[in-house]
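Student: What follows is upload_1.txt, compact mmCIF, C-alpha atoms.
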# COMPACT_ATOMS: atom_id res chain seq x y z
CA MET A 25 14.12 10.17 18.44
CA ILE A 26 16.80 8.68 16.16
CA GLN A 27 17.11 5.62 18.41
CA ARG A 28 13.38 5.01 17.97
CA PHE A 29 13.29 5.35 14.19
CA TRP A 30 16.77 4.16 13.24
CA TRP A 31 15.45 1.11 11.39
CA LYS A 32 13.15 3.29 9.26
CA ILE A 33 16.09 5.51 8.36
CA LEU A 34 18.09 2.37 7.55
CA ALA A 35 15.26 1.10 5.33
CA CYS A 36 15.18 4.37 3.36
CA PHE A 37 18.97 4.38 2.99
CA LEU A 38 19.17 0.76 1.84
CA LEU A 39 16.35 1.17 -0.69
CA LEU A 40 17.88 4.38 -2.04
CA TYR A 41 21.21 2.56 -2.30
CA THR A 42 19.52 -0.37 -4.08
CA CYS A 43 17.56 1.76 -6.54
CA VAL A 44 20.57 3.92 -7.44
CA TYR A 45 23.64 1.69 -7.23
CA GLY A 46 21.62 -1.27 -8.47
CA PHE A 47 21.44 0.35 -11.91
CA PHE A 48 25.13 1.31 -12.00
CA VAL A 49 26.90 -1.70 -10.47
CA GLN A 50 28.73 -3.89 -12.98
CA VAL A 51 26.86 -7.15 -13.52
CA PRO A 52 28.09 -10.36 -15.18
CA LYS A 53 27.16 -10.90 -18.82
CA LEU A 54 25.90 -14.46 -18.60
CA ASP A 55 24.38 -14.72 -22.07
CA ASP A 56 22.77 -12.68 -24.83
CA ARG A 57 19.26 -12.99 -23.36
CA MET A 58 19.98 -11.97 -19.79
CA LYS A 59 22.00 -8.79 -20.41
CA GLU A 60 20.86 -5.98 -18.11
CA THR A 61 17.67 -7.75 -16.99
CA ILE A 62 19.77 -9.53 -14.37
CA ARG A 63 19.33 -6.36 -12.30
CA ASN A 64 15.82 -7.59 -11.59
CA MET A 65 17.54 -9.73 -8.94
CA PHE A 66 17.65 -6.59 -6.79
CA PHE A 67 13.86 -6.24 -6.86
CA HIS A 68 12.09 -9.48 -7.75
CA VAL A 69 13.90 -11.91 -5.44
CA PRO A 70 14.20 -9.58 -2.39
CA MET A 71 10.44 -9.02 -2.55
CA TRP A 72 9.88 -12.77 -2.30
CA PHE A 73 12.28 -12.91 0.64
CA GLY A 74 10.39 -10.04 2.26
CA MET A 75 7.07 -11.73 1.54
CA MET A 76 8.13 -14.94 3.29
CA ILE A 77 9.38 -13.04 6.34
CA LEU A 78 6.22 -10.90 6.59
CA LEU A 79 3.94 -13.91 6.22
CA LEU A 80 6.00 -15.76 8.84
CA VAL A 81 5.46 -12.89 11.27
CA SER A 82 1.74 -12.98 10.43
CA LEU A 83 1.73 -16.71 11.19
CA ILE A 84 3.44 -16.15 14.55
CA TYR A 85 0.83 -13.60 15.60
CA ALA A 86 -1.95 -15.92 14.41
CA ILE A 87 -0.60 -18.64 16.71
CA LYS A 88 -0.23 -16.10 19.50
CA TYR A 89 -3.87 -15.12 19.03
CA LEU A 90 -5.02 -18.71 19.36
CA LYS A 91 -3.04 -18.99 22.61
CA ASN A 92 -3.93 -15.52 23.90
CA PRO A 93 -6.89 -13.94 22.06
CA SER A 94 -6.41 -10.17 21.85
CA ILE A 95 -7.20 -7.44 19.35
CA LYS A 96 -3.52 -6.56 19.05
CA ASN A 97 -2.44 -10.07 18.06
CA ASP A 98 -5.20 -10.28 15.45
CA ALA A 99 -4.39 -6.80 14.13
CA TYR A 100 -0.69 -7.60 13.80
CA SER A 101 -1.46 -10.88 12.04
CA THR A 102 -3.82 -9.17 9.61
CA ALA A 103 -1.48 -6.25 8.94
CA PHE A 104 1.55 -8.41 8.17
CA ALA A 105 -0.53 -10.75 6.00
CA ALA A 106 -1.78 -7.79 3.93
CA THR A 107 1.74 -6.46 3.37
CA GLY A 108 3.02 -9.94 2.61
CA ILE A 109 0.37 -10.35 -0.08
CA LEU A 110 1.31 -6.93 -1.50
CA TYR A 111 4.92 -8.08 -1.77
CA GLY A 112 3.79 -11.32 -3.36
CA VAL A 113 1.81 -9.48 -6.02
CA LEU A 114 4.77 -7.16 -6.68
CA GLY A 115 6.95 -10.26 -6.95
CA LEU A 116 4.58 -11.70 -9.56
CA ILE A 117 4.62 -8.44 -11.51
CA THR A 118 8.41 -8.05 -11.49
CA GLY A 119 8.73 -11.73 -12.39
CA ALA A 120 6.34 -11.28 -15.32
CA ILE A 121 8.39 -8.31 -16.56
CA TRP A 122 11.55 -10.42 -16.43
CA ALA A 123 9.79 -13.36 -18.11
CA ASN A 124 8.64 -11.12 -20.94
CA TYR A 125 12.28 -10.44 -21.83
CA GLN A 126 13.57 -13.93 -21.14
CA TRP A 127 10.80 -16.17 -22.42
CA GLY A 128 9.04 -13.85 -24.85
CA MET A 129 5.82 -13.51 -22.83
CA PRO A 130 4.99 -12.26 -19.32
CA TRP A 131 3.03 -15.39 -18.39
CA SER A 132 3.96 -18.76 -19.88
CA GLY A 133 2.09 -21.03 -17.49
CA ASP A 134 5.35 -22.15 -15.90
CA PRO A 135 4.73 -24.32 -12.79
CA LYS A 136 6.50 -21.81 -10.54
CA GLN A 137 4.47 -18.90 -11.91
CA ASN A 138 1.25 -20.85 -11.50
CA GLY A 139 2.25 -21.99 -8.02
CA ALA A 140 3.01 -18.43 -6.93
CA ALA A 141 -0.33 -17.22 -8.28
CA ILE A 142 -2.16 -20.02 -6.45
CA ALA A 143 -0.34 -19.16 -3.22
CA MET A 144 -1.43 -15.53 -3.51
CA LEU A 145 -5.02 -16.52 -4.25
CA ILE A 146 -5.03 -18.71 -1.14
CA TYR A 147 -3.88 -15.76 0.94
CA MET A 148 -6.36 -13.40 -0.71
CA ALA A 149 -9.10 -15.81 0.35
CA TYR A 150 -7.95 -15.06 3.91
CA PHE A 151 -9.35 -11.53 3.58
CA VAL A 152 -12.46 -12.72 1.79
CA LEU A 153 -13.03 -15.04 4.76
CA ARG A 154 -12.57 -12.19 7.22
CA GLY A 155 -14.98 -9.99 5.30
CA SER A 156 -17.67 -12.68 5.29
CA MET A 157 -18.08 -12.71 9.09
CA ASN A 158 -19.48 -10.06 11.42
CA ASP A 159 -18.69 -11.60 14.78
CA GLU A 160 -15.25 -10.22 15.65
CA ASP A 161 -14.14 -13.07 17.92
CA LYS A 162 -15.24 -15.75 15.47
CA LYS A 163 -13.65 -13.86 12.58
CA ALA A 164 -10.31 -13.52 14.34
CA ARG A 165 -10.26 -17.15 15.52
CA ILE A 166 -11.17 -18.71 12.16
CA SER A 167 -8.83 -16.32 10.34
CA ALA A 168 -5.96 -17.34 12.59
CA VAL A 169 -6.54 -21.01 11.80
CA TYR A 170 -6.79 -20.28 8.07
CA ASN A 171 -3.61 -18.18 8.27
CA ILE A 172 -1.71 -21.21 9.51
CA PHE A 173 -3.10 -23.32 6.67
CA ALA A 174 -2.27 -20.64 4.06
CA PHE A 175 1.33 -20.30 5.26
CA PHE A 176 2.08 -24.00 5.06
CA MET A 177 0.51 -24.11 1.60
CA LEU A 178 3.36 -21.84 0.45
CA PHE A 179 5.80 -24.73 0.61
CA PRO A 180 4.12 -27.08 -1.88
CA THR A 181 3.00 -24.27 -4.21
CA LEU A 182 6.31 -22.35 -4.27
CA TRP A 183 9.06 -24.80 -3.44
CA ILE A 184 8.00 -28.44 -3.82
CA LEU A 185 5.62 -28.95 -6.78
CA PRO A 186 7.51 -26.62 -9.21
CA ARG A 187 10.66 -28.69 -8.61
CA LEU A 188 8.91 -31.94 -9.40
CA THR A 189 7.95 -30.88 -12.92
CA GLU A 190 9.73 -29.34 -15.88
CA SER A 191 10.22 -25.64 -15.32
CA LEU A 192 11.90 -22.75 -17.08
CA TYR A 193 13.21 -21.61 -13.71
CA PRO A 194 16.55 -22.95 -12.50
CA GLY A 195 16.10 -25.71 -9.96
CA GLY A 196 13.16 -27.45 -11.60
CA GLU A 197 13.41 -30.90 -13.13
CA GLY A 198 14.59 -30.45 -16.67
CA SER A 199 14.72 -26.69 -16.15
CA GLU A 200 15.97 -24.65 -19.02
CA GLY A 201 15.75 -21.27 -17.32
CA ASN A 202 18.43 -18.62 -17.51
CA PRO A 203 21.07 -19.27 -14.83
CA GLY A 204 21.18 -15.57 -14.01
CA LEU A 205 18.35 -16.03 -11.53
CA ASN A 206 20.33 -18.62 -9.66
CA GLY A 207 21.85 -17.12 -6.51
CA LYS A 208 25.01 -19.18 -6.95
CA ASP A 209 25.76 -17.26 -10.14
CA MET A 210 25.79 -13.84 -8.47
CA ASP A 211 29.25 -12.31 -8.31
CA TYR A 212 30.64 -10.12 -5.52
CA ASN A 213 29.38 -6.89 -7.10
CA MET A 214 25.81 -8.18 -7.25
CA ARG A 215 25.92 -9.40 -3.67
CA THR A 216 26.86 -5.92 -2.46
CA VAL A 217 23.45 -4.80 -3.72
CA PHE A 218 21.35 -7.95 -3.33
CA TYR A 219 21.74 -8.47 0.43
CA PRO A 220 21.13 -4.80 1.31
CA ALA A 221 18.08 -4.97 -0.98
CA VAL A 222 16.67 -7.94 0.95
CA ILE A 223 17.10 -6.09 4.24
CA GLY A 224 15.75 -2.83 2.83
CA TRP A 225 12.60 -4.32 1.26
CA THR A 226 11.93 -6.36 4.39
CA LEU A 227 12.26 -3.33 6.68
CA LEU A 228 9.95 -1.37 4.39
CA GLY A 229 7.41 -4.18 4.64
CA VAL A 230 7.62 -4.09 8.44
CA TRP A 231 7.16 -0.32 8.35
CA ILE A 232 4.06 -0.59 6.16
CA SER A 233 2.69 -3.35 8.38
CA THR A 234 3.07 -1.29 11.55
CA LEU A 235 1.24 1.60 9.90
CA ARG A 236 -1.57 -0.72 8.86
CA TYR A 237 -1.64 -2.16 12.39
CA ARG A 238 -2.20 1.31 13.83
CA TYR A 239 -4.92 1.95 11.25
CA ILE A 240 -6.73 -1.28 12.19
CA LEU A 241 -6.67 -0.36 15.88
CA LEU A 242 -7.94 3.16 15.16
CA ALA A 243 -10.75 1.75 13.01
CA GLU A 244 -11.63 -0.69 15.78
CA GLN A 245 -11.76 2.11 18.37
CA LYS A 246 -13.90 4.26 16.07
CA SER A 247 -16.39 1.41 15.52
CA GLN A 248 -16.76 0.94 19.27
CA ASN A 249 -17.49 4.63 19.90
Could you quickly redo this structure as structure tokens?
Tutor:
Amino acid sequence: MIQRFWWKILACFLLLYTCVYGFFVQVPKLDDRMKETIRNMFFHVPMWFGMMILLLVSLIYAIKYLKNPSIKNDAYSTAFAATGILYGVLGLITGAIWANYQWGMPWSGDPKQNGAAIAMLIYMAYFVLRGSMNDEDKKARISAVYNIFAFFMLFPTLWILPRLTESLYPGGEGSEGNPGLNGKDMDYNMRTVFYPAVIGWTLLGVWISTLRYRYILLAEQKSQN
């Protein structure tokens, strides 16, 4: 039993470790604005890491569906996409909370904030597209193609365009953001929490996705009966 669920136990342990030790570990005092808000690194950034991994898995199953159409491949792709979007929305929320302390407002129209919001809207359209079709085969096939498009749109919206314009985030041209959100500025103490947080949030996302996958299959079986 433990061998089957070890990764779920590990996810719970790592998240408990993150949520407890993350608020007690000594963090560097980079400037007067950052202060304790640097602890958001243990939540905001790992959620974005988890989002990218979950959406990558969704992409892989979308490609697998196009090569080998099956309910399971489509269900896995849909489940991981849904959890990835959830993580993306949580990333936007935690980022807005941090921005409220750092920049004086939760949403400043920064290119990276806008790009992240656009990326999430593109993925949300994935589910609108699925809901607009009744034919299951057509829905799964078109959704798989759109999933591929949505994933590759993450790169210009999240990583390329924000770096070509002035941004408050570190890494953008003329950026004036607080360096505390730059991974290079994390000290050893922060890394002992950050990396377990990335693993923990990602494993939790996989756990949620597998539960949603089972729900999709059960709903499919119920509709056929």
Student: I'd like a table as JSON lines: residues in region 37-85 of chain A with an atom no more than 6 Å from region 221-237 of chain A, each row giving the shortest atom pair and its distance in Å to one decimal, all atoms listed in the file counted, sorted by chain and rising residue number.
Tutor:
{"residue": "A:Leu38", "atom": "CA", "partner": "A:Gly224", "partner_atom": "CA", "distance": 5.1}
{"residue": "A:Leu39", "atom": "CA", "partner": "A:Gly224", "partner_atom": "CA", "distance": 5.4}
{"residue": "A:Thr42", "atom": "CA", "partner": "A:Ala221", "partner_atom": "CA", "distance": 5.7}
{"residue": "A:Pro70", "atom": "CA", "partner": "A:Val222", "partner_atom": "CA", "distance": 4.5}
{"residue": "A:Gly74", "atom": "CA", "partner": "A:Thr226", "partner_atom": "CA", "distance": 4.5}
Student: At what distance in Å, to one decimal, does CA of Asn92 (chain A) lie from CA of Ala143 (chain A)?
Tutor: 27.6 Å
Student: What is the distance between CA of Tyr125 (chain A) and CA of Met214 (chain A), in Å to one decimal?
Tutor: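 Distance reported for this atom pair: 20.0 Å.
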Student: I'd like to know which of A:Phe37, A:Leu185, A:Ile109, A:Thr102 is closest to Leu153 (chain A), using all atoms listed in the file.
Tutor: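 Going through A:Phe37, A:Leu185, A:Ile109, A:Thr102 one by one, the smallest distance to Leu153 (chain A) is for A:Thr102.
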Student: With distances taken over all atoms listed in the file, which residue among A:Ile95, A:Ile62, A:Ala174, A:Met144 lies nearest Ala123 (chain A)?
Tutor: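 Once distances to Ala123 (chain A) are computed over all atoms listed in the file, the minimum belongs to A:Ile62.
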Student: What separation in Å, quoted to one decimal, exists between CA of Ala140 (chain A) and CA of Leu182 (chain A)?
Tutor: 5.8 Å
Student: With all atoms listed in the file as the basis for distance, which of A:Val169, A:Leu145, A:Ala35, A:Ile84 is at the shortest distance from Val113 (chain A)?
Tutor: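 So, comparing all the options, the nearest one is A:Leu145.
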Student: Measuring atom to atom with only C-alpha atoms, identify which of A:Gly108, A:Pro130, A:Pro220, A:Pro186 is nearest to Asn171 (chain A).
Tutor: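 Among A:Gly108, A:Pro130, A:Pro220, A:Pro186, it is A:Gly108 that comes nearest to Asn171 (chain A).
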Student: Identify, on the basis of only C-alpha atoms, every residue whose closest approach to Gly119 (chain A) does not exceed 12 Å; exclude the query and any residue fewer than 3 positions from it along the same chain; express the result as JSON, numbers by chain.
Tutor: {"A": [61, 62, 63, 64, 65, 66, 67, 68, 69, 70, 71, 72, 111, 112, 113, 114, 115, 116, 122, 123, 124, 125, 126, 127, 129, 130, 131, 132, 134, 136, 137, 138, 140, 141, 193, 205]}
Student: Can I get the selection written as a CSV table (one decimal), in the frame of the given file, with C-alpha atoms?
Tutor:
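Final file, again.csv:
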chain,number,residue,atom,x,y,z
A,61,THR,CA,17.7,-7.8,-17.0
A,62,ILE,CA,19.8,-9.5,-14.4
A,63,ARG,CA,19.3,-6.4,-12.3
A,64,ASN,CA,15.8,-7.6,-11.6
A,65,MET,CA,17.5,-9.7,-8.9
A,66,PHE,CA,17.6,-6.6,-6.8
A,67,PHE,CA,13.9,-6.2,-6.9
A,68,HIS,CA,12.1,-9.5,-7.8
A,69,VAL,CA,13.9,-11.9,-5.4
A,70,PRO,CA,14.2,-9.6,-2.4
A,71,MET,CA,10.4,-9.0,-2.6
A,72,TRP,CA,9.9,-12.8,-2.3
A,111,TYR,CA,4.9,-8.1,-1.8
A,112,GLY,CA,3.8,-11.3,-3.4
A,113,VAL,CA,1.8,-9.5,-6.0
A,114,LEU,CA,4.8,-7.2,-6.7
A,115,GLY,CA,7.0,-10.3,-7.0
A,116,LEU,CA,4.6,-11.7,-9.6
A,122,TRP,CA,11.6,-10.4,-16.4
A,123,ALA,CA,9.8,-13.4,-18.1
A,124,ASN,CA,8.6,-11.1,-20.9
A,125,TYR,CA,12.3,-10.4,-21.8
A,126,GLN,CA,13.6,-13.9,-21.1
A,127,TRP,CA,10.8,-16.2,-22.4
A,129,MET,CA,5.8,-13.5,-22.8
A,130,PRO,CA,5.0,-12.3,-19.3
A,131,TRP,CA,3.0,-15.4,-18.4
A,132,SER,CA,4.0,-18.8,-19.9
A,134,ASP,CA,5.4,-22.2,-15.9
A,136,LYS,CA,6.5,-21.8,-10.5
A,137,GLN,CA,4.5,-18.9,-11.9
A,138,ASN,CA,1.2,-20.8,-11.5
A,140,ALA,CA,3.0,-18.4,-6.9
A,141,ALA,CA,-0.3,-17.2,-8.3
A,193,TYR,CA,13.2,-21.6,-13.7
A,205,LEU,CA,18.4,-16.0,-11.5
Student: Give the answer as one residue: which of A:Leu241, A:Ile142, A:Ile184, A:Ile33 has the shortest atom-to-atom distance to Asp98 (chain A), using all atoms listed in the file?
Tutor: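 Under the stated criterion, the closest residue is A:Leu241.
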Student: Mind checking which residues fall within 10 Å of Tyr170 (chain A), counting only C-alpha atoms, ignoring those fewer than 3 positions away in the same chain, and posting them as a VMD selection string?
Tutor: chain A and resid 83 86 146 to 147 149 to 150 153 to 154 164 to 167 173 to 175
Student: Quick one: region 140-175 of chain A with N, CA and C atoms, as a CSV table (one decimal), in the first residue's frame?
Tutor:
chain,number,residue,atom,x,y,z
A,140,ALA,N,0.8,36.7,-18.6
A,140,ALA,CA,0.3,35.6,-17.9
A,140,ALA,C,-1.2,35.5,-18.0
A,141,ALA,N,-1.9,36.6,-17.8
A,141,ALA,CA,-3.3,36.6,-17.9
A,141,ALA,C,-3.8,36.2,-19.3
A,142,ILE,N,-3.1,36.6,-20.4
A,142,ILE,CA,-3.5,36.2,-21.7
A,142,ILE,C,-3.3,34.7,-21.9
A,143,ALA,N,-2.2,34.2,-21.4
A,143,ALA,CA,-1.9,32.8,-21.5
A,143,ALA,C,-3.0,32.0,-20.8
A,144,MET,N,-3.5,32.4,-19.6
A,144,MET,CA,-4.5,31.7,-19.0
A,144,MET,C,-5.8,31.8,-19.7
A,145,LEU,N,-6.1,32.9,-20.3
A,145,LEU,CA,-7.3,33.1,-21.1
A,145,LEU,C,-7.3,32.2,-22.3
A,146,ILE,N,-6.1,32.0,-22.9
A,146,ILE,CA,-6.0,31.1,-24.1
A,146,ILE,C,-6.3,29.7,-23.7
A,147,TYR,N,-5.8,29.3,-22.5
A,147,TYR,CA,-6.1,27.9,-22.0
A,147,TYR,C,-7.5,27.8,-21.6
A,148,MET,N,-8.1,28.8,-21.0
A,148,MET,CA,-9.5,28.7,-20.7
A,148,MET,C,-10.4,28.5,-21.9
A,149,ALA,N,-10.0,29.1,-23.0
A,149,ALA,CA,-10.7,29.0,-24.2
A,149,ALA,C,-10.7,27.5,-24.7
A,150,TYR,N,-9.7,26.7,-24.2
A,150,TYR,CA,-9.7,25.3,-24.5
A,150,TYR,C,-10.9,24.6,-24.0
A,151,PHE,N,-11.3,25.0,-22.8
A,151,PHE,CA,-12.5,24.3,-22.2
A,151,PHE,C,-13.8,24.9,-22.8
A,152,VAL,N,-13.8,26.1,-23.2
A,152,VAL,CA,-14.9,26.7,-23.9
A,152,VAL,C,-15.1,26.0,-25.2
A,153,LEU,N,-14.0,25.7,-25.9
A,153,LEU,CA,-14.0,25.0,-27.2
A,153,LEU,C,-14.6,23.6,-27.0
A,154,ARG,N,-14.2,22.9,-26.0
A,154,ARG,CA,-14.7,21.5,-25.7
A,154,ARG,C,-16.1,21.6,-25.4
A,155,GLY,N,-16.6,22.6,-24.6
A,155,GLY,CA,-18.0,22.6,-24.3
A,155,GLY,C,-18.9,23.0,-25.4
A,156,SER,N,-18.3,23.5,-26.5
A,156,SER,CA,-19.2,24.0,-27.6
A,156,SER,C,-19.5,22.8,-28.6
A,157,MET,N,-18.9,21.6,-28.4
A,157,MET,CA,-19.1,20.5,-29.4
A,157,MET,C,-19.7,19.3,-28.7
A,158,ASN,N,-20.6,18.7,-29.4
A,158,ASN,CA,-21.2,17.5,-28.8
A,158,ASN,C,-20.6,16.2,-29.3
A,159,ASP,N,-20.1,16.2,-30.5
A,159,ASP,CA,-19.5,15.0,-31.0
A,159,ASP,C,-18.2,14.7,-30.2
A,160,GLU,N,-18.1,13.6,-29.5
A,160,GLU,CA,-17.0,13.3,-28.7
A,160,GLU,C,-15.6,13.2,-29.4
A,161,ASP,N,-15.6,12.5,-30.5
A,161,ASP,CA,-14.4,12.3,-31.3
A,161,ASP,C,-13.9,13.6,-31.9
A,162,LYS,N,-14.8,14.4,-32.4
A,162,LYS,CA,-14.4,15.7,-33.0
A,162,LYS,C,-14.0,16.6,-31.9
A,163,LYS,N,-14.6,16.6,-30.7
A,163,LYS,CA,-14.2,17.4,-29.6
A,163,LYS,C,-12.8,17.1,-29.1
A,164,ALA,N,-12.6,15.8,-29.0
A,164,ALA,CA,-11.2,15.4,-28.5
A,164,ALA,C,-10.1,15.7,-29.5
A,165,ARG,N,-10.4,15.5,-30.8
A,165,ARG,CA,-9.4,15.7,-31.8
A,165,ARG,C,-9.1,17.2,-31.9
A,166,ILE,N,-10.1,18.1,-32.0
A,166,ILE,CA,-9.9,19.5,-32.2
A,166,ILE,C,-9.3,20.1,-30.9
A,167,SER,N,-9.7,19.6,-29.7
A,167,SER,CA,-9.1,20.0,-28.5
A,167,SER,C,-7.6,19.7,-28.4
A,168,ALA,N,-7.3,18.5,-28.9
A,168,ALA,CA,-5.9,18.1,-28.8
A,168,ALA,C,-5.0,19.1,-29.7
A,169,VAL,N,-5.5,19.4,-30.8
A,169,VAL,CA,-4.8,20.4,-31.7
A,169,VAL,C,-4.7,21.7,-31.0
A,170,TYR,N,-5.8,22.2,-30.4
A,170,TYR,CA,-5.8,23.5,-29.8
A,170,TYR,C,-4.8,23.5,-28.6
A,171,ASN,N,-4.8,22.3,-27.9
A,171,ASN,CA,-3.9,22.2,-26.7
A,171,ASN,C,-2.4,22.4,-27.1
A,172,ILE,N,-2.1,21.9,-28.3
A,172,ILE,CA,-0.7,22.1,-28.7
A,172,ILE,C,-0.4,23.6,-29.0
A,173,PHE,N,-1.4,24.2,-29.7
A,173,PHE,CA,-1.3,25.7,-29.9
A,173,PHE,C,-1.2,26.5,-28.6
A,174,ALA,N,-2.0,26.1,-27.7
A,174,ALA,CA,-2.1,26.9,-26.4
A,174,ALA,C,-0.7,26.8,-25.7
A,175,PHE,N,-0.2,25.5,-25.7
A,175,PHE,CA,1.1,25.3,-24.9
A,175,PHE,C,2.2,26.2,-25.5
